[in-house]
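Text of input14.txt, listed as compact mmCIF, C-alpha atoms:
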# COMPACT_ATOMS: atom_id res chain seq x y z
CA MET A 10 -27.57 71.42 179.12
CA GLU A 11 -30.06 73.72 177.39
CA LYS A 12 -27.43 76.44 177.08
CA ASP A 13 -24.94 73.97 175.58
CA PHE A 14 -27.52 72.76 173.10
CA GLU A 15 -28.45 76.29 172.13
CA ARG A 16 -24.76 77.07 171.54
CA LEU A 17 -24.35 73.92 169.42
CA VAL A 18 -27.36 74.76 167.26
CA ARG A 19 -26.35 78.40 166.78
CA HIS A 20 -22.80 77.38 165.96
CA ASN A 21 -23.98 74.85 163.35
CA LYS A 22 -27.07 76.63 162.03
CA THR A 23 -25.69 77.08 158.49
CA THR A 24 -24.71 73.39 158.33
CA ILE A 25 -28.17 72.25 159.46
CA TYR A 26 -29.98 74.66 157.16
CA SER A 27 -27.88 73.85 154.09
CA VAL A 28 -28.47 70.09 154.52
CA CYS A 29 -32.23 70.65 154.90
CA TYR A 30 -32.30 73.02 151.94
CA MET A 31 -30.57 70.49 149.66
CA PHE A 32 -33.15 67.84 150.52
CA SER A 33 -36.20 70.11 150.11
CA ARG A 34 -38.56 70.98 147.31
CA ASP A 35 -40.03 74.13 148.80
CA GLU A 36 -40.13 76.45 151.79
CA ASP A 37 -42.50 74.18 153.78
CA ASP A 38 -40.19 71.22 153.26
CA VAL A 39 -37.21 73.13 154.64
CA ALA A 40 -39.16 74.17 157.73
CA ASP A 41 -40.36 70.57 158.32
CA LEU A 42 -36.88 69.10 157.90
CA PHE A 43 -35.19 71.79 159.97
CA GLN A 44 -37.63 71.18 162.80
CA GLU A 45 -37.18 67.39 162.59
CA VAL A 46 -33.38 67.73 162.65
CA LEU A 47 -33.54 70.02 165.69
CA VAL A 48 -35.78 67.52 167.52
CA ASN A 49 -33.42 64.62 166.70
CA LEU A 50 -30.39 66.68 167.75
CA TRP A 51 -32.06 67.56 171.05
CA GLU A 52 -33.10 63.95 171.69
CA GLY A 53 -29.59 62.69 170.96
CA PHE A 54 -27.73 65.54 172.68
CA ALA A 55 -27.73 63.90 176.14
CA HIS A 56 -26.02 60.82 174.65
CA PHE A 57 -23.48 62.72 172.56
CA ARG A 58 -20.17 61.32 173.83
CA LYS A 59 -17.91 63.63 171.80
CA GLN A 60 -16.12 60.62 170.29
CA SER A 61 -16.57 62.34 166.95
CA SER A 62 -16.31 66.08 166.38
CA GLU A 63 -19.38 68.21 166.98
CA LYS A 64 -19.70 69.02 163.29
CA THR A 65 -19.46 65.35 162.27
CA TRP A 66 -22.19 64.47 164.76
CA VAL A 67 -24.46 67.30 163.55
CA TYR A 68 -23.91 66.26 159.93
CA ARG A 69 -24.71 62.63 160.71
CA ILE A 70 -27.99 63.47 162.41
CA ALA A 71 -29.00 66.06 159.82
CA LEU A 72 -28.25 63.81 156.83
CA ASN A 73 -29.82 60.70 158.37
CA THR A 74 -32.93 62.68 159.29
CA CYS A 75 -33.30 64.24 155.84
CA ILE A 76 -32.76 60.95 154.00
CA SER A 77 -35.17 59.15 156.32
CA MET A 78 -37.83 61.87 156.02
CA GLN A 79 -37.52 61.92 152.25
CA ARG A 80 -38.18 58.18 152.13
CA LYS A 81 -41.46 58.52 153.98
CA THR A 82 -44.30 58.85 151.49
CA LYS A 83 -46.64 60.34 154.07
CA ARG A 84 -45.07 62.76 156.46
CA ARG A 85 -46.80 63.28 159.75
CA LYS A 86 -48.22 66.73 160.24
CA ALA A 87 -46.42 68.34 163.11
CA GLU A 88 -46.96 71.79 164.50
CA ARG A 89 -44.76 73.85 162.23
CA LEU A 90 -42.35 76.37 163.65
CA GLU A 91 -42.04 79.65 161.79
CA MET A 92 -38.64 80.38 160.24
CA ASP A 93 -37.18 83.78 159.54
CA ILE A 94 -35.56 82.76 156.27
CA ASN A 95 -36.83 81.76 152.83
CA LEU A 96 -34.25 81.12 150.12
CA PHE A 97 -36.93 80.08 147.66
CA SER A 98 -38.48 83.52 147.36
CA ASP A 99 -35.40 85.75 147.73
CA ASN A 100 -34.17 87.32 144.51
CA ASP A 101 -30.59 88.36 145.24
CA GLU A 102 -27.57 86.85 143.47
CA ASP A 103 -26.52 84.58 146.36
CA SER A 104 -30.03 83.08 146.57
CA HIS A 105 -30.04 82.56 142.81
CA GLN A 106 -26.67 80.75 142.99
CA SER A 107 -27.86 78.68 145.94
CA GLU A 108 -30.98 77.67 144.06
CA MET A 109 -28.92 76.57 141.05
CA LEU A 110 -26.79 74.41 143.36
CA ARG A 111 -29.87 72.92 145.03
CA LYS A 112 -31.41 71.98 141.67
CA ARG A 113 -28.17 70.32 140.60
CA ILE A 114 -27.75 68.37 143.83
CA GLN A 115 -31.43 67.34 143.85
CA ARG A 116 -30.81 65.34 140.67
CA LEU A 117 -28.46 63.01 142.54
CA GLN A 118 -29.41 59.97 144.64
CA PRO A 119 -29.87 60.82 148.37
CA PHE A 120 -26.58 59.22 149.48
CA ASP A 121 -24.64 60.88 146.65
CA ARG A 122 -26.25 64.15 147.68
CA ALA A 123 -24.89 63.58 151.19
CA ILE A 124 -21.37 62.85 149.91
CA VAL A 125 -21.31 65.92 147.64
CA LEU A 126 -22.54 68.15 150.44
CA LEU A 127 -19.77 66.94 152.73
CA TRP A 128 -17.20 67.40 149.97
CA LEU A 129 -18.45 70.95 149.33
CA GLU A 130 -17.96 71.65 153.02
CA ASN A 131 -14.26 70.73 152.57
CA ILE A 132 -14.53 67.76 154.90
CA SER A 133 -11.74 65.19 154.47
CA TYR A 134 -12.41 61.86 152.75
CA GLU A 135 -11.73 60.09 156.07
CA GLU A 136 -14.38 62.14 157.85
CA ILE A 137 -16.88 61.74 155.00
CA GLY A 138 -16.28 58.01 155.25
CA ALA A 139 -16.89 58.10 159.00
CA ILE A 140 -20.19 59.92 158.52
CA VAL A 141 -21.46 57.75 155.71
CA GLY A 142 -19.86 54.50 156.91
CA ILE A 143 -17.61 53.69 153.96
CA SER A 144 -13.82 53.79 153.49
CA ALA A 145 -11.98 56.96 152.47
CA GLN A 146 -10.90 55.20 149.27
CA ASN A 147 -14.51 54.38 148.51
CA VAL A 148 -15.45 58.04 149.04
CA GLY A 149 -12.91 58.99 146.37
CA VAL A 150 -14.30 56.46 143.90
CA ARG A 151 -17.84 57.56 144.64
CA LEU A 152 -16.99 61.25 144.17
CA TYR A 153 -15.35 60.50 140.84
CA ARG A 154 -18.56 58.78 139.69
CA ILE A 155 -20.67 61.68 140.93
CA LYS A 156 -18.50 64.14 138.99
CA GLU A 157 -18.94 62.04 135.84
CA GLN A 158 -22.68 61.93 136.46
CA LEU A 159 -22.84 65.70 136.90
CA LYS A 160 -20.95 66.24 133.65
CA LYS A 161 -23.52 64.18 131.76
CA MET A 162 -26.42 66.04 133.34
CA ASP A 163 -25.96 69.43 131.68
CA MET B 234 -13.70 69.43 137.41
CA GLU B 235 -14.95 72.88 136.43
CA LYS B 236 -18.48 71.93 137.36
CA MET B 237 -17.45 70.89 140.85
CA GLU B 238 -15.55 74.17 141.33
CA GLU B 239 -18.63 76.05 140.17
CA MET B 240 -20.67 74.11 142.73
CA ARG B 241 -18.17 75.00 145.40
CA ALA B 242 -18.56 78.71 144.53
CA GLN B 243 -22.34 78.30 144.69
CA PHE B 244 -22.02 76.60 148.08
CA GLU B 245 -19.96 79.53 149.33
CA ALA B 246 -22.71 81.86 148.11
CA LEU B 247 -25.22 79.81 150.09
CA ASN B 248 -23.07 79.99 153.23
CA ARG B 249 -22.62 83.76 152.77
CA LYS B 250 -26.35 84.16 152.51
CA LEU B 251 -27.03 81.95 155.54
CA GLU B 252 -24.45 83.74 157.70
CA ARG B 253 -26.32 87.00 157.12
CA GLN B 254 -29.71 85.54 158.03
CA ASN B 255 -31.31 84.94 161.36
CA ILE B 256 -32.18 81.27 160.90
CA ILE B 257 -33.04 80.28 164.44
CA ASN B 258 -35.42 82.22 166.63
CA GLU B 259 -35.94 81.96 170.38
CA ARG B 260 -39.45 80.53 170.07
CA MET B 261 -38.20 77.68 167.91
CA MET B 262 -35.44 76.72 170.35
CA ARG B 263 -37.79 76.84 173.33
CA GLN B 264 -40.40 74.66 171.63
CA VAL B 265 -37.86 72.03 170.59
CA MET B 266 -36.23 71.84 174.02
CA ARG B 267 -39.54 71.74 175.91
CA GLY B 268 -40.66 68.89 173.64
CA ARG B 269 -43.72 70.79 172.45
CA VAL B 270 -43.17 69.58 168.93
CA ARG B 271 -44.74 66.18 168.40
CA THR B 272 -41.95 63.64 168.30
CA ALA B 273 -41.54 60.06 167.16
CA LYS B 274 -40.59 59.10 170.71
CA ARG B 275 -43.97 60.24 171.99
CA GLN B 276 -45.70 58.18 169.31
CA TYR B 277 -43.58 55.21 170.35
CA ILE B 278 -44.65 55.55 174.00
CA ILE B 279 -48.32 55.87 172.98
CA SER B 280 -47.96 52.71 170.82
CA ILE B 281 -46.48 50.78 173.78
CA CYS B 282 -49.32 51.90 176.07
CA GLY B 283 -51.88 50.92 173.39
CA GLY B 284 -50.25 47.49 173.08
CA ILE B 285 -50.33 46.91 176.85
CA TYR B 286 -53.99 47.98 176.97
CA MET B 287 -54.88 45.61 174.11
CA LEU B 288 -53.02 42.78 175.83
CA THR B 289 -54.89 43.14 179.12
CA PHE B 290 -58.29 43.98 177.52
CA GLY B 291 -58.03 41.08 175.05
CA LEU B 292 -57.20 38.58 177.79
CA TRP B 293 -59.94 39.90 180.05
CA SER B 294 -62.49 39.53 177.20
CA LEU B 295 -61.45 35.93 176.58
CA TYR B 296 -61.56 35.20 180.32
CA SER B 297 -65.05 36.70 180.69
CA ILE B 298 -66.32 34.55 177.80
CA GLY B 299 -65.14 31.48 179.71
CA PHE B 300 -62.23 30.05 177.76
CA SER B 301 -59.96 27.44 179.37
CA MET B 302 -56.89 28.53 181.36
CA LEU B 303 -54.66 26.61 178.97
CA PHE B 304 -56.02 28.61 176.02
CA LEU B 305 -55.70 31.88 177.95
CA SER B 306 -52.08 31.08 178.85
CA ALA B 307 -51.21 30.21 175.25
CA THR B 308 -52.90 33.42 174.08
CA PHE B 309 -50.96 35.46 176.63
CA VAL B 310 -47.63 34.00 175.47
CA LEU B 311 -48.53 34.53 171.82
CA MET B 312 -49.58 38.15 172.42
CA VAL B 313 -46.41 38.95 174.37
CA VAL B 314 -44.25 37.44 171.61
CA CYS B 315 -46.14 39.41 168.91
CA PHE B 316 -45.82 42.60 170.97
CA CYS B 317 -42.06 42.14 171.39
CA VAL B 318 -41.56 41.32 167.70
CA VAL B 319 -43.46 44.40 166.50
CA PHE B 320 -41.40 46.68 168.72
CA TYR B 321 -38.16 44.97 167.80
CA ILE B 322 -38.94 45.49 164.12
CA GLY B 323 -40.25 49.04 164.36
CA GLY B 324 -38.40 50.39 167.38
CA ASP B 325 -35.50 52.00 165.56
CA VAL B 326 -37.76 53.55 162.95
CA LEU B 327 -40.18 54.88 165.51
CA THR B 328 -37.67 56.27 167.97
CA GLY B 329 -35.05 57.42 165.49
CA SER B 330 -32.45 55.96 167.85
CA LEU B 331 -30.10 55.19 164.96
CA PHE B 332 -29.76 58.73 163.70
CA ASP B 333 -26.31 59.40 165.11
CA ARG B 334 -24.71 56.32 163.55
CA PRO B 335 -22.99 55.99 160.16
CA MET B 336 -25.40 55.45 157.28
CA LEU B 337 -23.99 52.06 156.38
CA GLU B 338 -24.42 50.79 159.94
CA ILE B 339 -28.08 51.86 159.79
CA ALA B 340 -28.51 49.91 156.57
CA GLU B 341 -26.93 46.77 157.99
CA ARG B 342 -29.30 46.94 160.93
CA ALA B 343 -32.18 47.48 158.51
CA ALA B 344 -31.17 44.44 156.46
CA GLU B 345 -31.09 42.35 159.63
CA LYS B 346 -34.62 43.50 160.49
CA VAL B 347 -35.99 42.78 157.02
CA ARG B 348 -34.60 39.24 157.22
CA PHE B 349 -36.07 38.83 160.69
CA THR B 350 -39.50 40.14 159.56
CA ARG B 351 -39.61 37.71 156.65
CA ARG B 352 -38.74 34.77 158.93
CA TRP B 353 -41.32 35.96 161.46
CA HIS B 354 -44.08 36.07 158.82
CA LYS B 355 -43.33 32.43 157.97
CA VAL B 356 -43.71 31.44 161.65
CA ALA B 357 -46.61 33.78 162.53
CA SER B 358 -49.02 32.73 159.76
CA PRO B 359 -49.34 29.04 160.85
CA LEU B 360 -49.44 30.17 164.50
CA VAL B 361 -52.46 32.39 163.80
CA VAL B 362 -54.24 29.53 162.00
CA ILE B 363 -53.58 27.17 164.93
CA TRP B 364 -54.71 29.77 167.45
CA THR B 365 -57.93 30.58 165.53
CA THR B 366 -58.76 26.86 165.21
CA TRP B 367 -58.21 26.42 168.94
CA LEU B 368 -60.40 29.49 169.61
CA CYS B 369 -63.26 27.91 167.69
CA CYS B 370 -62.91 24.53 169.43
CA ASP B 371 -62.26 25.59 173.03
CA ARG B 372 -64.89 25.31 175.75
CA GLY B 373 -67.58 27.97 176.05
CA VAL B 374 -67.85 28.47 172.30
CA GLU B 375 -71.41 27.12 171.98
CA ASP B 376 -72.84 29.58 174.53
CA ASN B 377 -71.02 32.59 173.06
CA LEU B 378 -71.15 31.99 169.32
CA PHE B 379 -72.02 35.58 168.47
CA ARG B 380 -69.22 37.01 170.61
CA ILE B 381 -66.72 34.54 169.16
CA CYS B 382 -67.74 35.44 165.60
CA ALA B 383 -67.34 39.14 166.44
CA LEU B 384 -63.90 38.40 167.91
CA VAL B 385 -62.79 36.47 164.83
CA VAL B 386 -63.98 39.29 162.55
CA CYS B 387 -62.08 41.84 164.70
CA LEU B 388 -58.98 39.64 164.56
CA VAL B 389 -59.14 39.36 160.78
CA ILE B 390 -59.53 43.15 160.41
CA TYR B 391 -56.74 43.77 162.93
CA GLY B 392 -54.56 41.21 161.13
CA ILE B 393 -55.07 42.86 157.76
CA PHE B 394 -54.25 46.29 159.18
CA GLY B 395 -51.27 44.92 161.10
CA TRP B 396 -49.89 43.12 158.05
CA ASN B 397 -50.42 46.19 155.92
CA PHE B 398 -48.66 48.38 158.49
CA THR B 399 -45.58 46.18 158.88
CA GLN B 400 -45.32 45.58 155.14
CA LYS B 401 -45.85 49.11 153.94
CA SER B 402 -44.51 51.32 156.69
CA ILE B 403 -41.62 49.32 158.04
CA VAL B 404 -40.45 46.71 155.54
CA SER B 405 -40.82 48.88 152.43
CA GLY B 406 -39.02 51.73 154.21
CA TYR B 407 -36.13 49.45 155.17
CA GLU B 408 -36.00 47.90 151.70
CA ALA B 409 -35.68 51.32 150.07
CA LEU B 410 -32.81 52.05 152.43
CA ILE B 411 -31.08 48.78 151.54
CA ARG B 412 -31.40 49.51 147.81
CA ASP B 413 -29.70 52.87 148.32
CA ILE B 414 -26.93 51.31 150.37
CA GLU B 415 -26.33 48.51 147.87
CA ASP B 416 -25.82 51.23 145.31
CA LEU B 417 -23.46 53.09 147.61
CA THR B 418 -21.33 50.06 148.51
CA ALA B 419 -21.20 48.85 144.92
CA THR B 420 -18.18 51.12 144.48
CA GLN B 421 -16.25 48.92 146.91
CA ASP B 422 -16.35 45.99 144.48
Could you write out this structure as structure tokens?
Amino acid sequence: MEKDFERLVRHNKTTIYSVCYMFSRDEDDVADLFQEVLVNLWEGFAHFRKQSSEKTWVYRIALNTCISMQRKTKRRKAERLEMDINLFSDNDEDSHQSEMLRKRIQRLQPFDRAIVLLWLENISYEEIGAIVGISAQNVGVRLYRIKEQLKKMD
Amino acid sequence: MEKMEEMRAQFEALNRKLERQNIINERMMRQVMRGRVRTAKRQYIISICGGIYMLTFGLWSLYSIGFSMLFLSATFVLMVVCFCVVFYIGGDVLTGSLFDRPMLEIAERAAEKVRFTRRWHKVASPLVVIWTTWLCCDRGVEDNLFRICALVVCLVIYGIFGWNFTQKSIVSGYEALIRDIEDLTATQD
């Protein structure tokens, strides 16, 4: 089971990290969220029935964890695990572009942030709906509103 | 539309960057899988153990003071009900057992719990008043006035903390979630 979990995490590491990054304010936040998502993935892994695809399941847990953690005013202090990556302090072009995207997405409501992230990942409206719990048609309407909102922002 | 395309290009840049990086290290994986990181589940188990301890210790204290069996039985039932209610309300939040479900399903469950909590507060407040009145009138009160007063003071403090905890930590958390979901589902109208 441990080997399977390790494979799942390694296979979906960019997905997990990008969700955590979009819901964070700084490097410490990313590390906290990443750790929390890994713990929730591990705790739910034994019950993962593969009714949905692996990626959908990872997205669901990562987004629900990040939204839930963001809502908590006081986060509990857990032993923090060191990460080998820090997009906040890197100065290359890709990091700069990523930071611009994060700042843009951060201005949206948490659920809109989730929908945009899934759309950016090229996930179908049906799958986005399954993750969030709304109809595919509703996803389309919501995305249209988000696009309008983003236009007004800049 | 241009803005969304620009965001897509930025997202690709992020993925490119992440693919090149070593995000997960061995130590991190080991610690998560061995449960060395403090988890909500562990806190939940500790809370249950604390509740069971309080239940037995509280009843033993009342018994040693010399209260009637009828009062002790009523207290036991009341404590068990309170214990079950608290864990029904907070269980999902504490264990994170809902994390692999769709967001809307989580919100519906949250709404159900907020409604339940509000109804429970309406029932619990008169029950506490009745119980406290009974406590002050039951046999053995005259000989143990100081201990009874101390017990009532402890109960009031515990009640204030308990109320504060359920209101702030659980209900306000659920309510924030419901507000977000109402906004999300508004597009369905």
Using only C-alpha atoms, determine which residues of chain A fall within 6 Å of chain B; present them as a PDB file with C-alpha atoms, in the frame of the given file.
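Printed below is out-v7.pdb as written:
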ATOM      1  CA  THR A  23     -25.690  77.080 158.490  1.00  0.00           C
ATOM      2  CA  VAL A  48     -35.780  67.520 167.520  1.00  0.00           C
ATOM      3  CA  ARG A  69     -24.710  62.630 160.710  1.00  0.00           C
ATOM      4  CA  ILE A  70     -27.990  63.470 162.410  1.00  0.00           C
ATOM      5  CA  ASN A  73     -29.820  60.700 158.370  1.00  0.00           C
ATOM      6  CA  ALA A  87     -46.420  68.340 163.110  1.00  0.00           C
ATOM      7  CA  ASP A  93     -37.180  83.780 159.540  1.00  0.00           C
ATOM      8  CA  ILE A  94     -35.560  82.760 156.270  1.00  0.00           C
ATOM      9  CA  ASP A 103     -26.520  84.580 146.360  1.00  0.00           C
ATOM     10  CA  GLN A 106     -26.670  80.750 142.990  1.00  0.00           C
ATOM     11  CA  SER A 107     -27.860  78.680 145.940  1.00  0.00           C
ATOM     12  CA  LEU A 129     -18.450  70.950 149.330  1.00  0.00           C
ATOM     13  CA  ILE A 140     -20.190  59.920 158.520  1.00  0.00           C
ATOM     14  CA  VAL A 141     -21.460  57.750 155.710  1.00  0.00           C
ATOM     15  CA  GLY A 142     -19.860  54.500 156.910  1.00  0.00           C
ATOM     16  CA  ASN A 147     -14.510  54.380 148.510  1.00  0.00           C
TER      17      ASN A 147
END
Mind pulling up the distance from CA of Ala139 in chain A to CA of Arg122 in chain A? 15.9 Å
Report the distance between CA of Ile322 in chain B and CA of Lys355 in chain B in Å, rounded to one decimal place.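 One can read the CA of Ile322 in chain B to CA of Lys355 in chain B distance as 15.1 Å.
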Can you pull out the residues contacting Phe349 in chain B? Cut-off 12 Å, using all atoms listed in the file, and skip same-chain residues under 3 positions away; I want them as a PDB file with C-alpha atoms, keeping the file's coordinate frame.
ATOM      1  CA  VAL B 318     -41.560  41.320 167.700  1.00  0.00           C
ATOM      2  CA  VAL B 319     -43.460  44.400 166.500  1.00  0.00           C
ATOM      3  CA  TYR B 321     -38.160  44.970 167.800  1.00  0.00           C
ATOM      4  CA  ILE B 322     -38.940  45.490 164.120  1.00  0.00           C
ATOM      5  CA  GLY B 323     -40.250  49.040 164.360  1.00  0.00           C
ATOM      6  CA  ARG B 342     -29.300  46.940 160.930  1.00  0.00           C
ATOM      7  CA  ALA B 343     -32.180  47.480 158.510  1.00  0.00           C
ATOM      8  CA  ALA B 344     -31.170  44.440 156.460  1.00  0.00           C
ATOM      9  CA  GLU B 345     -31.090  42.350 159.630  1.00  0.00           C
ATOM     10  CA  LYS B 346     -34.620  43.500 160.490  1.00  0.00           C
ATOM     11  CA  ARG B 352     -38.740  34.770 158.930  1.00  0.00           C
ATOM     12  CA  TRP B 353     -41.320  35.960 161.460  1.00  0.00           C
ATOM     13  CA  HIS B 354     -44.080  36.070 158.820  1.00  0.00           C
ATOM     14  CA  LYS B 355     -43.330  32.430 157.970  1.00  0.00           C
ATOM     15  CA  VAL B 356     -43.710  31.440 161.650  1.00  0.00           C
ATOM     16  CA  ALA B 357     -46.610  33.780 162.530  1.00  0.00           C
ATOM     17  CA  VAL B 404     -40.450  46.710 155.540  1.00  0.00           C
ATOM     18  CA  TYR B 407     -36.130  49.450 155.170  1.00  0.00           C
TER      19      TYR B 407
END
Hey, can you check how far CA of Ser133 in chain A sits from CA of Ser27 in chain A? 18.3 Å
In terms of the shortest atom-to-atom distance over all atoms listed in the file, which of A:Ile124, A:Asn131, A:Arg113, A:Lys156 is closest to Ile143 in chain A? A:Ile124
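When all atoms listed in the file are used to measure the gap to Gln115 in chain A, the shortest distance among A:Lys12, A:Met31, A:Leu96, A:Arg19 belongs to A:Met31.
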Would you mind listing what lies within 12 Å of range 301-313 of chain B as a PyMOL selection string, with only C-alpha atoms counted and same-chain residues fewer than 6 positions away left out? chain B and resi 281+284-295+319-320+356-357+360-361+363-374
Proximity to Lys161 in chain A - best of A:Ile132, A:Leu117, A:Ile137, A:Val148, only C-alpha atoms: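 Nearest to Lys161 in chain A: A:Leu117.
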